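**Student:** The structure that follows is given in the form of structure tokens.
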Amino acid sequence: MSAAEPSAPSTAPLPGGEGDDLPEVARIARDLIRFDTTNYGQGRANGEREAAEYVGTFLASLGLEPEYYEPIPRRTNVAARVKGRSSDKPALVLHGHLDVVPAVAGDWSVDPFAGVVRDGLLWGRGAVDMKDMDAMILASVAELLRAGEQPERDLVLVFFADEENGGVEGSQLVVRDRPEWFAGATEAISEVGGYSIPVGDRRAYLLQVGEKALVWLRLRARGTAGHGSRVHPDNAVTRLAEAVATLGRTDWPIQLTDTTRQTVDALAAMCGAASDSADDGGAPDPDAVAAATGPAAGFLRSTFRTTTNPTGLEAGYKHNVIPDAASAAIDVRTLPGQEDLVLAEIQRIVGNDIVIDIAHRDIGLEVPFSGDLVEAMVAALGRHDPGVPVVPYLMGGGTDNKALAELGIAGYGFAPLRLPDDLDFTGMFHGVDERVPIDALVFGQRVLTDLVRTY
């Protein structure tokens with residue numbers, strides 16, 4: 001398969017076989033999990049080709065015409081357009097990614113790439129990030145087309161490579177080289193939104209209307225090489241370790257955006273947070289409000305502030321040799337528009353003898369929690385779970401919506417799932433024993449089908 005001449009696959013399986021008693025959406029998600037599309041980052045990946053071929057074959061079975069784009073060997077993207085009833089309305093992009101982060105099998109209760117169904121849940125790497133949403137998109141479109149229906153407007157279905165590496169070898173290249181795939185589209189929906197969380201003794205749905213900016217840094221320290229037995233104050237490892245520990249323990253201040261202020265106010269109203277417990281003139285304390293959301297609290301707290309997490313260390317080559325250099329990987333997530341200010345503060349924190357390299361940087365996003373699409377998403381959830389509030393939030397991570405923003409496409413996170421209150425869903429993103437309830441997948445497909453049928 002080449003970038004210039006993408007070809008349709010001939011060997012990708014259709015959903016079926018073992019577990020045929022599962023709902024179709026769960027079978028598709030299970031099948032996708034069984035493709036090991038691990039992405040290690042920095043160009044190291046198993047590749048998405050077989051998973052993309054599976055998706056393409058499924059789309060072709062519905063009478064659609066999938067197109068492939070593989071600008072880098074095995075980093076395969078696939079897309080198709082579904083004709084809508086109202087050609088005068090802007091197209092809507094439904095997109096997902098097919099790669100996953102690594103999983104260490106020994107840490108898991110199950111084989112992370114076996115697609116195990118146990119206790120009413122589908123287990124495996126990608127079950128929540130984001131082969132569940134990929135499956136919901138495919139199953140929803142299949143439901144409409146098999147019934148002889150059309151969506152209200154054109155749907156652009158796109159399944160990207162390399163999202164877990166910032167889309168460098170995926171959505172960024174697709175947007176650059178295949179902008180025609182998105183002709184007429186003004187809005188998009190994808191992962192990490194539309195799921196339920198507990199709020200005290202009630203339930204709410206989080207609708208993602210923004211994403212923090214991402215800056216991946218590498219800190220570098222230099223020193224003098226020498227024998228490991230020496231008194232050696234000019235030690236690069238020590239210098240780096242001090243900088244990493246200081247940065248990793250930095251308690252960044254809360255800074256609310258328009259979106260997160262709406263989040264806090266809505267959740268505070270639901271859980272009855274006392275305004276007089278705050279230190280800023282009577283407004284609710286964001287961290288206290290987040291604490292009322294149970295397992296989702298850690299995810300929400302990260303949206304109120306910058307985070308700077310060390311994620312890797314490199315130094316040395318022998319136990320008794322002091323190296324002359326050491327480096328560390330830092331995952332920085334800033335509020336939209338705060339990137340340069342945060343970088344300057346990081347340099348101050350680590351000191352001028354630490355060199356900071358930017359390995360990857362992308363933008364933050366915020367779109368309004370208003371408009372026809374937002375109203376349609378809220379209404380679709382309301383038809384399937386009446387009376388439950390829908391709350392906007394700013395996601396701490398990022399999605400391929402950032403690449404689509406370069407084409408003027410406003411992106412939202414809407415992978416609807418009604419979840420048990422005690423399931424630490426947000427903790428499973430890039431975590432161990434990733435899993436999703438089968439009935440949540442079925443709920444999500446129903447809501448998504450409802451949305452594209454009516455919007």
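Chain lettering (A, B, ...) mirrors the order of the structure tokens, residue numbering begins at 1 for each chain separately, and ligand numbering begins at 1 in order of display.
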What parts of segment 307-384 of chain A does DSSP call strand (DSSP E)? I'd like the answer as a PyMOL selection string.
**Tutor:** chain A and resi 307-315+321-322+325-334+355-361+365-366
**Student:** Could you give me, as JSON lines, every segment 33-118 of chain A residue with an atom at most 6 Å from segment 188-197 of chain A, plus its closest atom pair and distance in Å to one decimal, counting only C-alpha atoms, rows ordered by chain then number?
**Tutor:**
```
{"residue": "A:Leu92", "atom": "CA", "partner": "A:Ala188", "partner_atom": "CA", "distance": 5.6}
{"residue": "A:Val93", "atom": "CA", "partner": "A:Ala188", "partner_atom": "CA", "distance": 4.3}
{"residue": "A:Leu94", "atom": "CA", "partner": "A:Ile189", "partner_atom": "CA", "distance": 5.3}
{"residue": "A:His95", "atom": "CA", "partner": "A:Ser190", "partner_atom": "CA", "distance": 5.4}
{"residue": "A:Gly96", "atom": "CA", "partner": "A:Ser190", "partner_atom": "CA", "distance": 6.0}
```
**Student:** Using the selection just defined, write its residues with all heavy atoms as a compact mmCIF listing (two decimals), in the first residue's frame.
**Tutor:**
```
# COMPACT_ATOMS: atom_id res chain seq x y z
N LEU A 92 -20.32 16.35 8.98
CA LEU A 92 -19.85 16.11 10.35
C LEU A 92 -18.79 15.01 10.30
O LEU A 92 -19.02 13.95 9.70
CB LEU A 92 -21.02 15.66 11.23
CG LEU A 92 -20.68 15.25 12.66
CD1 LEU A 92 -20.18 16.44 13.47
CD2 LEU A 92 -21.90 14.60 13.34
N VAL A 93 -17.64 15.25 10.91
CA VAL A 93 -16.57 14.26 10.96
C VAL A 93 -16.73 13.41 12.21
O VAL A 93 -16.88 13.93 13.33
CB VAL A 93 -15.18 14.94 10.99
CG1 VAL A 93 -14.07 13.88 11.01
CG2 VAL A 93 -15.02 15.86 9.79
N LEU A 94 -16.75 12.09 12.04
CA LEU A 94 -16.66 11.15 13.15
C LEU A 94 -15.30 10.48 13.03
O LEU A 94 -15.04 9.79 12.04
CB LEU A 94 -17.76 10.09 13.08
CG LEU A 94 -19.22 10.56 13.02
CD1 LEU A 94 -20.15 9.36 13.00
CD2 LEU A 94 -19.55 11.46 14.20
N HIS A 95 -14.45 10.66 14.01
CA HIS A 95 -13.10 10.12 13.84
C HIS A 95 -12.60 9.42 15.10
O HIS A 95 -13.03 9.70 16.22
CB HIS A 95 -12.11 11.22 13.43
CG HIS A 95 -11.87 12.30 14.43
ND1 HIS A 95 -10.81 12.26 15.31
CD2 HIS A 95 -12.53 13.46 14.69
CE1 HIS A 95 -10.83 13.36 16.07
NE2 HIS A 95 -11.86 14.10 15.72
N GLY A 96 -11.69 8.50 14.86
CA GLY A 96 -11.04 7.77 15.94
C GLY A 96 -9.62 7.46 15.54
O GLY A 96 -9.21 7.70 14.40
```
**Student:** Could you pull out the alpha helix (DSSP H) residues of segment 121-160 of chain A, going by DSSP on the backbone, and write them as a list in words?
**Tutor:**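 In segment 121-160 of chain A, DSSP puts these residues in alpha helix (DSSP H): Lys131, Asp132, Met133, Asp134, Ala135, Met136, Ile137, Leu138, Ala139, Ser140, Val141, Ala142, Glu143, Leu144, Leu145 and Arg146 of chain A.
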**Student:** Can you write out the residues you just picked, keeping N, CA, C and O atoms, as a PDB file, in the first residue's frame?
**Tutor:**
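Wrote part-v8.pdb, looks like this:
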```pdb
ATOM      1  N   LYS A 131     -10.665   2.112  20.978  1.00  0.00           N
ATOM      2  CA  LYS A 131     -11.307   1.176  20.062  1.00  0.00           C
ATOM      3  C   LYS A 131     -12.780   0.969  20.388  1.00  0.00           C
ATOM      4  O   LYS A 131     -13.542   0.480  19.548  1.00  0.00           O
ATOM      5  N   ASP A 132     -13.179   1.386  21.596  1.00  0.00           N
ATOM      6  CA  ASP A 132     -14.603   1.378  21.917  1.00  0.00           C
ATOM      7  C   ASP A 132     -15.357   2.366  21.044  1.00  0.00           C
ATOM      8  O   ASP A 132     -16.402   2.041  20.462  1.00  0.00           O
ATOM      9  N   MET A 133     -14.831   3.586  20.917  1.00  0.00           N
ATOM     10  CA  MET A 133     -15.477   4.596  20.084  1.00  0.00           C
ATOM     11  C   MET A 133     -15.384   4.238  18.609  1.00  0.00           C
ATOM     12  O   MET A 133     -16.341   4.454  17.846  1.00  0.00           O
ATOM     13  N   ASP A 134     -14.257   3.690  18.172  1.00  0.00           N
ATOM     14  CA  ASP A 134     -14.158   3.213  16.790  1.00  0.00           C
ATOM     15  C   ASP A 134     -15.300   2.250  16.486  1.00  0.00           C
ATOM     16  O   ASP A 134     -15.948   2.334  15.434  1.00  0.00           O
ATOM     17  N   ALA A 135     -15.537   1.335  17.414  1.00  0.00           N
ATOM     18  CA  ALA A 135     -16.595   0.337  17.226  1.00  0.00           C
ATOM     19  C   ALA A 135     -17.972   0.980  17.229  1.00  0.00           C
ATOM     20  O   ALA A 135     -18.861   0.604  16.446  1.00  0.00           O
ATOM     21  N   MET A 136     -18.183   1.970  18.090  1.00  0.00           N
ATOM     22  CA  MET A 136     -19.481   2.646  18.131  1.00  0.00           C
ATOM     23  C   MET A 136     -19.759   3.379  16.826  1.00  0.00           C
ATOM     24  O   MET A 136     -20.898   3.379  16.326  1.00  0.00           O
ATOM     25  N   ILE A 137     -18.726   3.999  16.256  1.00  0.00           N
ATOM     26  CA  ILE A 137     -18.904   4.682  14.975  1.00  0.00           C
ATOM     27  C   ILE A 137     -19.319   3.683  13.904  1.00  0.00           C
ATOM     28  O   ILE A 137     -20.296   3.888  13.162  1.00  0.00           O
ATOM     29  N   LEU A 138     -18.585   2.594  13.810  1.00  0.00           N
ATOM     30  CA  LEU A 138     -18.862   1.598  12.767  1.00  0.00           C
ATOM     31  C   LEU A 138     -20.233   0.967  12.958  1.00  0.00           C
ATOM     32  O   LEU A 138     -21.000   0.812  11.992  1.00  0.00           O
ATOM     33  N   ALA A 139     -20.563   0.584  14.186  1.00  0.00           N
ATOM     34  CA  ALA A 139     -21.847  -0.075  14.431  1.00  0.00           C
ATOM     35  C   ALA A 139     -23.018   0.878  14.202  1.00  0.00           C
ATOM     36  O   ALA A 139     -24.083   0.471  13.708  1.00  0.00           O
ATOM     37  N   SER A 140     -22.845   2.149  14.546  1.00  0.00           N
ATOM     38  CA  SER A 140     -23.924   3.122  14.344  1.00  0.00           C
ATOM     39  C   SER A 140     -24.199   3.344  12.864  1.00  0.00           C
ATOM     40  O   SER A 140     -25.363   3.361  12.426  1.00  0.00           O
ATOM     41  N   VAL A 141     -23.143   3.520  12.087  1.00  0.00           N
ATOM     42  CA  VAL A 141     -23.321   3.705  10.647  1.00  0.00           C
ATOM     43  C   VAL A 141     -23.919   2.449  10.023  1.00  0.00           C
ATOM     44  O   VAL A 141     -24.803   2.523   9.154  1.00  0.00           O
ATOM     45  N   ALA A 142     -23.477   1.284  10.483  1.00  0.00           N
ATOM     46  CA  ALA A 142     -24.022   0.030   9.951  1.00  0.00           C
ATOM     47  C   ALA A 142     -25.515  -0.079  10.235  1.00  0.00           C
ATOM     48  O   ALA A 142     -26.296  -0.513   9.370  1.00  0.00           O
ATOM     49  N   GLU A 143     -25.925   0.314  11.440  1.00  0.00           N
ATOM     50  CA  GLU A 143     -27.341   0.230  11.792  1.00  0.00           C
ATOM     51  C   GLU A 143     -28.195   1.077  10.845  1.00  0.00           C
ATOM     52  O   GLU A 143     -29.252   0.636  10.369  1.00  0.00           O
ATOM     53  N   LEU A 144     -27.732   2.278  10.554  1.00  0.00           N
ATOM     54  CA  LEU A 144     -28.483   3.151   9.661  1.00  0.00           C
ATOM     55  C   LEU A 144     -28.540   2.599   8.246  1.00  0.00           C
ATOM     56  O   LEU A 144     -29.620   2.491   7.633  1.00  0.00           O
ATOM     57  N   LEU A 145     -27.383   2.258   7.699  1.00  0.00           N
ATOM     58  CA  LEU A 145     -27.323   1.871   6.293  1.00  0.00           C
ATOM     59  C   LEU A 145     -28.017   0.543   6.033  1.00  0.00           C
ATOM     60  O   LEU A 145     -28.657   0.362   4.991  1.00  0.00           O
ATOM     61  N   ARG A 146     -27.900  -0.398   6.947  1.00  0.00           N
ATOM     62  CA  ARG A 146     -28.588  -1.684   6.749  1.00  0.00           C
ATOM     63  C   ARG A 146     -30.100  -1.535   6.789  1.00  0.00           C
ATOM     64  O   ARG A 146     -30.827  -2.340   6.189  1.00  0.00           O
TER      65      ARG A 146
END
```
**Student:** Quick one: everything within 12 Å of Ala292 of chain A, counting only C-alpha atoms, minus sequence neighbours fewer than 4 positions away in the same chain. Send it as a PyMOL selection string.
**Tutor:** chain A and resi 197-204+264+267-273+285-288+296-298+300-301+421
**Student:** Which residue is closest to Gln338 of chain A? Choose from A:Asp362, A:Tyr317, A:Ala213, A:Glu67 and count only C-alpha atoms.
**Tutor:**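 Of A:Asp362, A:Tyr317, A:Ala213, A:Glu67, the one nearest Gln338 of chain A is A:Ala213, counting only C-alpha atoms.
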**Student:** Could you name the residues that touch Asp154 of chain A at 9 Å or less, counting only C-alpha atoms, but leaving out those on the same chain fewer than 6 positions away, as a PyMOL selection string?
**Tutor:** chain A and resi 81-87+89-93+184-185
**Student:** As an MDAnalysis selection string, please: the residues near segment 29-44 of chain A (cut-off 9 Å, only C-alpha atoms, same-chain neighbours under 3 positions excluded).
**Tutor:** chainID A and resid 13:16 24:26 47:51 54:55 98:103 112:117 122:127 131:136 162:166 168:169 441
**Student:** Counting only C-alpha atoms, figure out which residue out of A:Val209, A:Leu417, A:Ala241, A:Val374 gets nearest to Glu314 of chain A.
**Tutor:**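 Checking each candidate against Glu314 of chain A, we get A:Ala241 as the closest.
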**Student:** Could the residues of segment 167-257 of chain A that have an atom at most 6 Å from segment 384-391 of chain A be listed as a tab-separated table, each with its closest atom pair and the distance in Å to one decimal, counting only C-alpha atoms and ordered by chain and ascending residue number?
**Tutor:**
```
residue	atom	partner	partner_atom	distance
A:Ala204	CA	A:Pro389	CA	5.0
A:Tyr205	CA	A:Val390	CA	4.7
A:Leu206	CA	A:Val391	CA	5.0
A:Leu207	CA	A:Val391	CA	5.9
```
**Student:** Just write the chosen residues, C-alpha atoms, as an mmCIF file, in the first residue's frame.
**Tutor:**
```
data_model
loop_
_atom_site.group_PDB
_atom_site.id
_atom_site.type_symbol
_atom_site.label_atom_id
_atom_site.label_comp_id
_atom_site.auth_asym_id
_atom_site.auth_seq_id
_atom_site.Cartn_x
_atom_site.Cartn_y
_atom_site.Cartn_z
ATOM 1 C CA ALA A 204 -23.787 13.639 35.149
ATOM 2 C CA TYR A 205 -22.301 13.373 31.668
ATOM 3 C CA LEU A 206 -19.104 15.220 30.747
ATOM 4 C CA LEU A 207 -19.065 16.724 27.268
#
```
**Student:** Just checking: using only C-alpha atoms, which residue out of A:Asn77, A:Thr57, A:Thr426, A:Gln150 ends up closest to Phe299 of chain A?
**Tutor:** A:Thr426
**Student:** What separation in Å, quoted to one decimal, exists between atom CA of Arg239 of chain A and atom CA of Arg305 of chain A?
**Tutor:**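 Going from atom CA of Arg239 of chain A over to atom CA of Arg305 of chain A covers 26.8 Å.
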**Student:** Calculated over only C-alpha atoms, which of the candidates A:Arg435, A:Tyr455, A:Leu448, A:Gly408 has the smallest distance to Asp119 of chain A?
**Tutor:**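 Of A:Arg435, A:Tyr455, A:Leu448, A:Gly408, the one nearest Asp119 of chain A is A:Arg435, counting only C-alpha atoms.
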**Student:** Could you tell me how far atom CA of Gly382 of chain A sits from atom CA of Arg446 of chain A, in Å to one decimal place?
**Tutor:**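 Separating atom CA of Arg446 of chain A from atom CA of Gly382 of chain A is a distance of 12.0 Å.
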**Student:** Find the residue from A:Ala410, A:Ala344, A:Met395, A:Ala329 that sits nearest to Asn309 of chain A; use only C-alpha atoms when measuring.
**Tutor:**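 Nearest candidate to Asn309 of chain A out of A:Ala410, A:Ala344, A:Met395, A:Ala329: A:Ala329.
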